[in-house]
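Take a look at the structure below.
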Amino acid sequence: MKKWNMIIDVAKCHDCNNCFLACKDEFVDNDWPPYSLAQPWHGHRWMDIMRKERGQYPKVDVAYRPTPCMHCDTAPCIKAAKDGAVYKRDDGIVIIDPKKAQGQKDLIDSCPYGAIWWNAENAVPQKCTFCVHLLEEGWDKPRCAHSCPTGALEMVCLEDREMEKMREERGLEILMPGLKTNPRVYYLNLYRYERCFIAGNVALRDKDECAEGAKVVLRRGNKILNTVETNNYGDFKLDNLEENSGKYGLHITYPGREGKELSVEVKESTNIGTIFL
Ligand code: SF4
Ligand code: SF4
């Protein structure tokens, strides 16, 4: 049986919030029985855009992580719900039954991703439905994915084994894998949000010039982890490192100059400044 999955590319999200607004347009003031009551005008973010700034001036970047319900295959919300108020459909979509879930405010705390919101007026917990009412009409994607101008939100309907293959081939990641919730929302370029970098620049002191094309090698012990070259401003960036992952060695070389060896302790994204050769 083919099931729905979403693939979100963090590198393509520019925080325009078109997806968030499309979700509002679809659900505010609109009941979609039997799947959802109308979303309130304020307070809910069924498609939530999380924001993260990394580094120190001037080596700073910002990443945006769109975060809907993960439609987990092993969903804590289903386990926590009384009277089968949350259920998984055969196509993989997790639905909160708006009638059965009346009054079950505790469901908000059952979701480790913060994807469930409380509708106080109707006393019902609510979340993203992958626009199941539209998929049933033949749409190939929910409104959020339809409205994204950069293609950051991709919807695929595949057999589980096909999805597993795609996951391996494209290097897709999931949020909080340690929880073993088996999300159906996958991420590309998640390192932009979850991991950190070492950045800096290389200059030639006697010439008062940026060192374009300097080679920067990242090592752990004797193992080479990454090699980059400085750009025309002498800048380099070594990304995709775990936060608080300890000491790394940097070896910097430039033709005709004596190389330099540095040790950098990585806690978070770090600008190590200018290295003169
Ligand atoms: S993300 Fe949260 S609300 Fe969605 S299925 Fe998983 S546990 Fe349930
Ligand atoms: S519409 Fe696309 S680019 Fe805009 S915030 Fe949503 S996911 Fe990001």
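By convention in this document, the chains of the structure tokens carry letters A, B, ... by their order, each chain's residues are numbered from 1, and ligands are numbered from 1 in the order they are shown.
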
- Excluding Trp117 of chain A and residues on its chain fewer than 2 positions from it, collect all residues at most 10 Å away from it, counting only C-alpha atoms, and give them as JSON, numbers by chain. {"A": [39, 40, 43, 44, 45, 46, 105, 107, 108, 109, 114, 115, 119, 120, 124, 125, 126, 127, 128]}

Counting only C-alpha atoms and all ligand atoms, which residues of chain A fall within 7 Å of ligand 1, and what is the closest atom pair for each with its distance in Å at one decimal, ordered by chain and rising number, as a Markdown table?
| residue | atom | partner | partner_atom_place_in_ligand_line | distance |
| --- | --- | --- | --- | --- |
| A:Cys69 | CA | ligand 1 | 4 (Fe) | 3.9 |
| A:Met70 | CA | ligand 1 | 1 (S) | 3.9 |
| A:His71 | CA | ligand 1 | 5 (S) | 3.9 |
| A:Cys72 | CA | ligand 1 | 5 (S) | 4.3 |
| A:Ala75 | CA | ligand 1 | 7 (S) | 4.5 |
| A:Pro76 | CA | ligand 1 | 7 (S) | 4.7 |
| A:Cys77 | CA | ligand 1 | 8 (Fe) | 4.4 |
| A:Ile78 | CA | ligand 1 | 8 (Fe) | 6.5 |
| A:Val94 | CA | ligand 1 | 5 (S) | 5.6 |
| A:Ser110 | CA | ligand 1 | 7 (S) | 6.5 |
| A:Cys111 | CA | ligand 1 | 2 (Fe) | 3.9 |
| A:Pro112 | CA | ligand 1 | 2 (Fe) | 6.0 |
| A:Tyr113 | CA | ligand 1 | 1 (S) | 5.4 |
| A:Gly114 | CA | ligand 1 | 2 (Fe) | 6.5 |
| A:Ala115 | CA | ligand 1 | 3 (S) | 5.2 |
| A:Ile116 | CA | ligand 1 | 3 (S) | 5.4 |
| A:Lys127 | CA | ligand 1 | 3 (S) | 6.6 |
| A:Thr181 | CA | ligand 1 | 6 (Fe) | 6.8 |
| A:Pro183 | CA | ligand 1 | 6 (Fe) | 6.6 |

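Across the model, the gap from atom CA of Ile8 of chain A to atom CA of Thr67 of chain A is 8.8 Å.
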
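Among all protein and nucleic acid residues, the ones that lie within 6 Å of ligand 2 when counting only C-alpha atoms and all ligand atoms are Cys13, His14, Asp15, Cys16, Asn17, Asn18, Cys19, Pro66, Ser147, Cys148, Pro149, Thr150, Ala152 and Leu153 of chain A.
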
Neighbours of Glu194 of chain A within 9 Å (only C-alpha atoms; same-chain residues fewer than 2 positions away dropped), as a PDB file with C-alpha atoms, in the first residue's frame?
ATOM      1  CA  LYS A  52      17.980  29.276  13.978  1.00  0.00           C
ATOM      2  CA  LEU A 190      18.947  19.369   8.273  1.00  0.00           C
ATOM      3  CA  TYR A 191      22.544  20.138   9.308  1.00  0.00           C
ATOM      4  CA  ARG A 192      21.800  23.786   8.509  1.00  0.00           C
ATOM      5  CA  CYS A 196      27.327  23.669  13.462  1.00  0.00           C
ATOM      6  CA  ASN A 240      27.867  19.742   9.395  1.00  0.00           C
ATOM      7  CA  GLU A 242      27.986  17.963  15.826  1.00  0.00           C
ATOM      8  CA  GLU A 243      27.564  20.578  18.564  1.00  0.00           C
TER       9      GLU A 243
END

- Query: Of the residues A:Cys144, A:Met6, A:Ala199, A:Val86, which is the one nearest to Leu250 of chain A, using only C-alpha atoms?
  - Reply: A:Ala199

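Closest approach to Glu268 of chain A from the set A:Leu172, A:Ala211, A:Leu241, A:Ile252 is made by A:Leu241, with distances taken over only C-alpha atoms.
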
- Message: List as JSON, numbers by chain the protein and nucleic acid residues near Phe236 of chain A, meaning an atom at most 6 Å away when only C-alpha atoms are counted, but skip any in the same chain fewer than 6 places from it.
- Response: {"A": [199, 200, 201, 230]}

- Task: Just the helix (DSSP H, G or I) stuff from segment 113-266 of chain A, please, per backbone DSSP, written as a VMD selection string.
- Result: chain A and resid 132 to 135 143 to 147 160 to 170 177 to 179 191 to 194

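For the pair atom CA of Val10 of chain A and atom CA of Tyr64 of chain A, the separation is 6.1 Å.
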
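Distances to Leu37 of chain A were evaluated for A:Lys59, A:Lys24, A:Arg167, A:Lys99 using only C-alpha atoms, and the minimum falls at A:Lys99.
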
Can you check which residues of segment 20-202 of chain A DSSP gives as strand (DSSP E) on the backbone and send them as a short mmCIF file (atom, residue, chain, number, x, y, z; two decimals) with N, CA and C atoms, in the first residue's frame?
data_model
loop_
_atom_site.label_atom_id
_atom_site.label_comp_id
_atom_site.auth_asym_id
_atom_site.auth_seq_id
_atom_site.Cartn_x
_atom_site.Cartn_y
_atom_site.Cartn_z
N ASP A 48 4.66 25.10 11.29
CA ASP A 48 5.43 26.03 12.11
C ASP A 48 6.82 26.19 11.50
N ILE A 49 7.28 27.43 11.32
CA ILE A 49 8.63 27.62 10.76
C ILE A 49 9.57 27.97 11.92
N MET A 50 10.45 27.03 12.26
CA MET A 50 11.41 27.25 13.33
C MET A 50 12.63 27.96 12.75
N ARG A 51 13.22 28.85 13.54
CA ARG A 51 14.33 29.68 13.03
C ARG A 51 15.57 29.51 13.90
N LYS A 52 16.73 29.44 13.22
CA LYS A 52 17.98 29.28 13.98
C LYS A 52 19.09 30.12 13.36
N GLU A 53 19.73 30.92 14.23
CA GLU A 53 20.88 31.72 13.80
C GLU A 53 22.14 31.03 14.29
N ARG A 54 23.15 30.94 13.41
CA ARG A 54 24.40 30.27 13.81
C ARG A 54 25.58 31.21 13.60
N GLY A 55 26.61 31.03 14.46
CA GLY A 55 27.87 31.74 14.28
C GLY A 55 27.94 33.06 14.99
N GLN A 56 29.07 33.77 14.75
CA GLN A 56 29.27 35.09 15.32
C GLN A 56 29.64 36.05 14.19
N LYS A 59 30.59 36.06 10.52
CA LYS A 59 30.34 34.73 9.94
C LYS A 59 29.05 34.17 10.56
N VAL A 60 27.94 34.61 10.03
CA VAL A 60 26.64 34.26 10.60
C VAL A 60 25.75 33.73 9.48
N ASP A 61 24.93 32.71 9.76
CA ASP A 61 23.87 32.35 8.82
C ASP A 61 22.60 32.01 9.59
N VAL A 62 21.50 31.94 8.85
CA VAL A 62 20.20 31.66 9.46
C VAL A 62 19.56 30.52 8.69
N ALA A 63 18.96 29.59 9.41
CA ALA A 63 18.26 28.49 8.74
C ALA A 63 16.82 28.43 9.25
N TYR A 64 15.94 27.97 8.38
CA TYR A 64 14.51 27.86 8.72
C TYR A 64 14.09 26.41 8.55
N ARG A 65 13.40 25.90 9.57
CA ARG A 65 12.97 24.50 9.52
C ARG A 65 11.46 24.42 9.60
N PRO A 66 10.78 24.25 8.46
CA PRO A 66 9.32 24.07 8.50
C PRO A 66 9.00 22.80 9.30
N THR A 67 8.03 22.90 10.20
CA THR A 67 7.75 21.79 11.11
C THR A 67 6.25 21.55 11.25
N VAL A 86 -7.21 9.45 18.39
CA VAL A 86 -6.20 9.71 17.35
C VAL A 86 -5.92 8.38 16.66
N TYR A 87 -5.92 8.40 15.36
CA TYR A 87 -5.72 7.14 14.64
C TYR A 87 -4.86 7.35 13.40
N LYS A 88 -4.26 6.25 12.95
CA LYS A 88 -3.45 6.27 11.72
C LYS A 88 -4.23 5.62 10.60
N VAL A 94 -1.91 10.60 10.11
CA VAL A 94 -2.44 10.54 11.49
C VAL A 94 -3.50 11.64 11.65
N ILE A 95 -4.65 11.22 12.13
CA ILE A 95 -5.79 12.14 12.26
C ILE A 95 -6.26 12.19 13.71
N ILE A 96 -6.52 13.42 14.19
CA ILE A 96 -7.20 13.59 15.48
C ILE A 96 -8.69 13.70 15.17
N TRP A 117 -2.13 21.62 18.78
CA TRP A 117 -2.55 22.94 19.28
C TRP A 117 -3.96 22.82 19.86
N TRP A 118 -4.24 23.65 20.88
CA TRP A 118 -5.53 23.58 21.57
C TRP A 118 -6.49 24.62 21.02
N ASN A 119 -7.65 24.14 20.58
CA ASN A 119 -8.72 25.03 20.13
C ASN A 119 -9.66 25.23 21.33
N VAL A 124 -10.99 21.30 21.65
CA VAL A 124 -10.49 20.16 20.87
C VAL A 124 -9.01 20.39 20.48
N PRO A 125 -8.17 19.33 20.59
CA PRO A 125 -6.79 19.45 20.10
C PRO A 125 -6.77 19.32 18.57
N GLN A 126 -5.88 20.08 17.93
CA GLN A 126 -5.85 20.08 16.46
C GLN A 126 -4.42 20.08 15.94
N LEU A 153 9.01 22.05 -0.01
CA LEU A 153 8.11 21.02 0.53
C LEU A 153 7.69 20.09 -0.59
N GLU A 154 8.08 18.83 -0.46
CA GLU A 154 7.80 17.84 -1.51
C GLU A 154 6.95 16.73 -0.89
N MET A 155 5.95 16.29 -1.64
CA MET A 155 5.09 15.22 -1.13
C MET A 155 5.28 13.99 -2.02
N VAL A 156 5.48 12.83 -1.39
CA VAL A 156 5.60 11.60 -2.18
C VAL A 156 4.70 10.53 -1.58
N CYS A 157 4.08 9.74 -2.46
CA CYS A 157 3.21 8.65 -2.03
C CYS A 157 3.86 7.34 -2.52
N LEU A 158 4.44 6.60 -1.57
CA LEU A 158 5.25 5.43 -1.93
C LEU A 158 5.00 4.27 -0.99
N VAL A 185 7.67 12.48 7.98
CA VAL A 185 8.22 13.74 7.46
C VAL A 185 9.74 13.63 7.52
N TYR A 186 10.37 13.84 6.37
CA TYR A 186 11.83 13.68 6.25
C TYR A 186 12.45 15.02 5.90
N TYR A 187 13.75 15.14 6.20
CA TYR A 187 14.44 16.41 5.94
C TYR A 187 15.69 16.22 5.09
N LEU A 188 15.92 17.22 4.24
CA LEU A 188 17.18 17.37 3.52
C LEU A 188 17.91 18.57 4.13
N CYS A 196 26.63 22.38 13.39
CA CYS A 196 27.33 23.67 13.46
C CYS A 196 28.54 23.70 12.54
N PHE A 197 29.19 24.88 12.50
CA PHE A 197 30.33 25.04 11.57
C PHE A 197 31.51 25.71 12.27
N ILE A 198 32.68 25.53 11.64
CA ILE A 198 33.86 26.34 11.96
C ILE A 198 34.09 27.23 10.73
N ALA A 199 34.15 28.53 10.95
CA ALA A 199 34.40 29.45 9.83
C ALA A 199 35.55 30.37 10.19
N GLY A 200 36.14 30.94 9.17
CA GLY A 200 37.22 31.90 9.40
C GLY A 200 37.70 32.43 8.06
N ASN A 201 38.79 33.15 8.07
CA ASN A 201 39.38 33.53 6.79
C ASN A 201 40.90 33.56 6.89
N VAL A 202 41.51 33.42 5.73
CA VAL A 202 42.97 33.32 5.66
C VAL A 202 43.49 34.52 4.89
#

- Measuring atom to atom with only C-alpha atoms, identify which of A:Gly249, A:Arg89, A:Asp160, A:Gly171 is nearest to Lys223 of chain A. A:Gly249

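Distance check against Asn271 of chain A using only C-alpha atoms: of A:Glu26, A:Pro58, A:Gly103, A:Trp41, the minimum falls on A:Pro58.
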
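As for atom CA of Glu159 of chain A and atom CA of Met1 of chain A, they are spaced 5.7 Å apart.
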
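Closest approach to Asp73 of chain A among A:Cys131, A:Glu261, A:Thr253, A:Asn5: A:Asn5, based on only C-alpha atoms.
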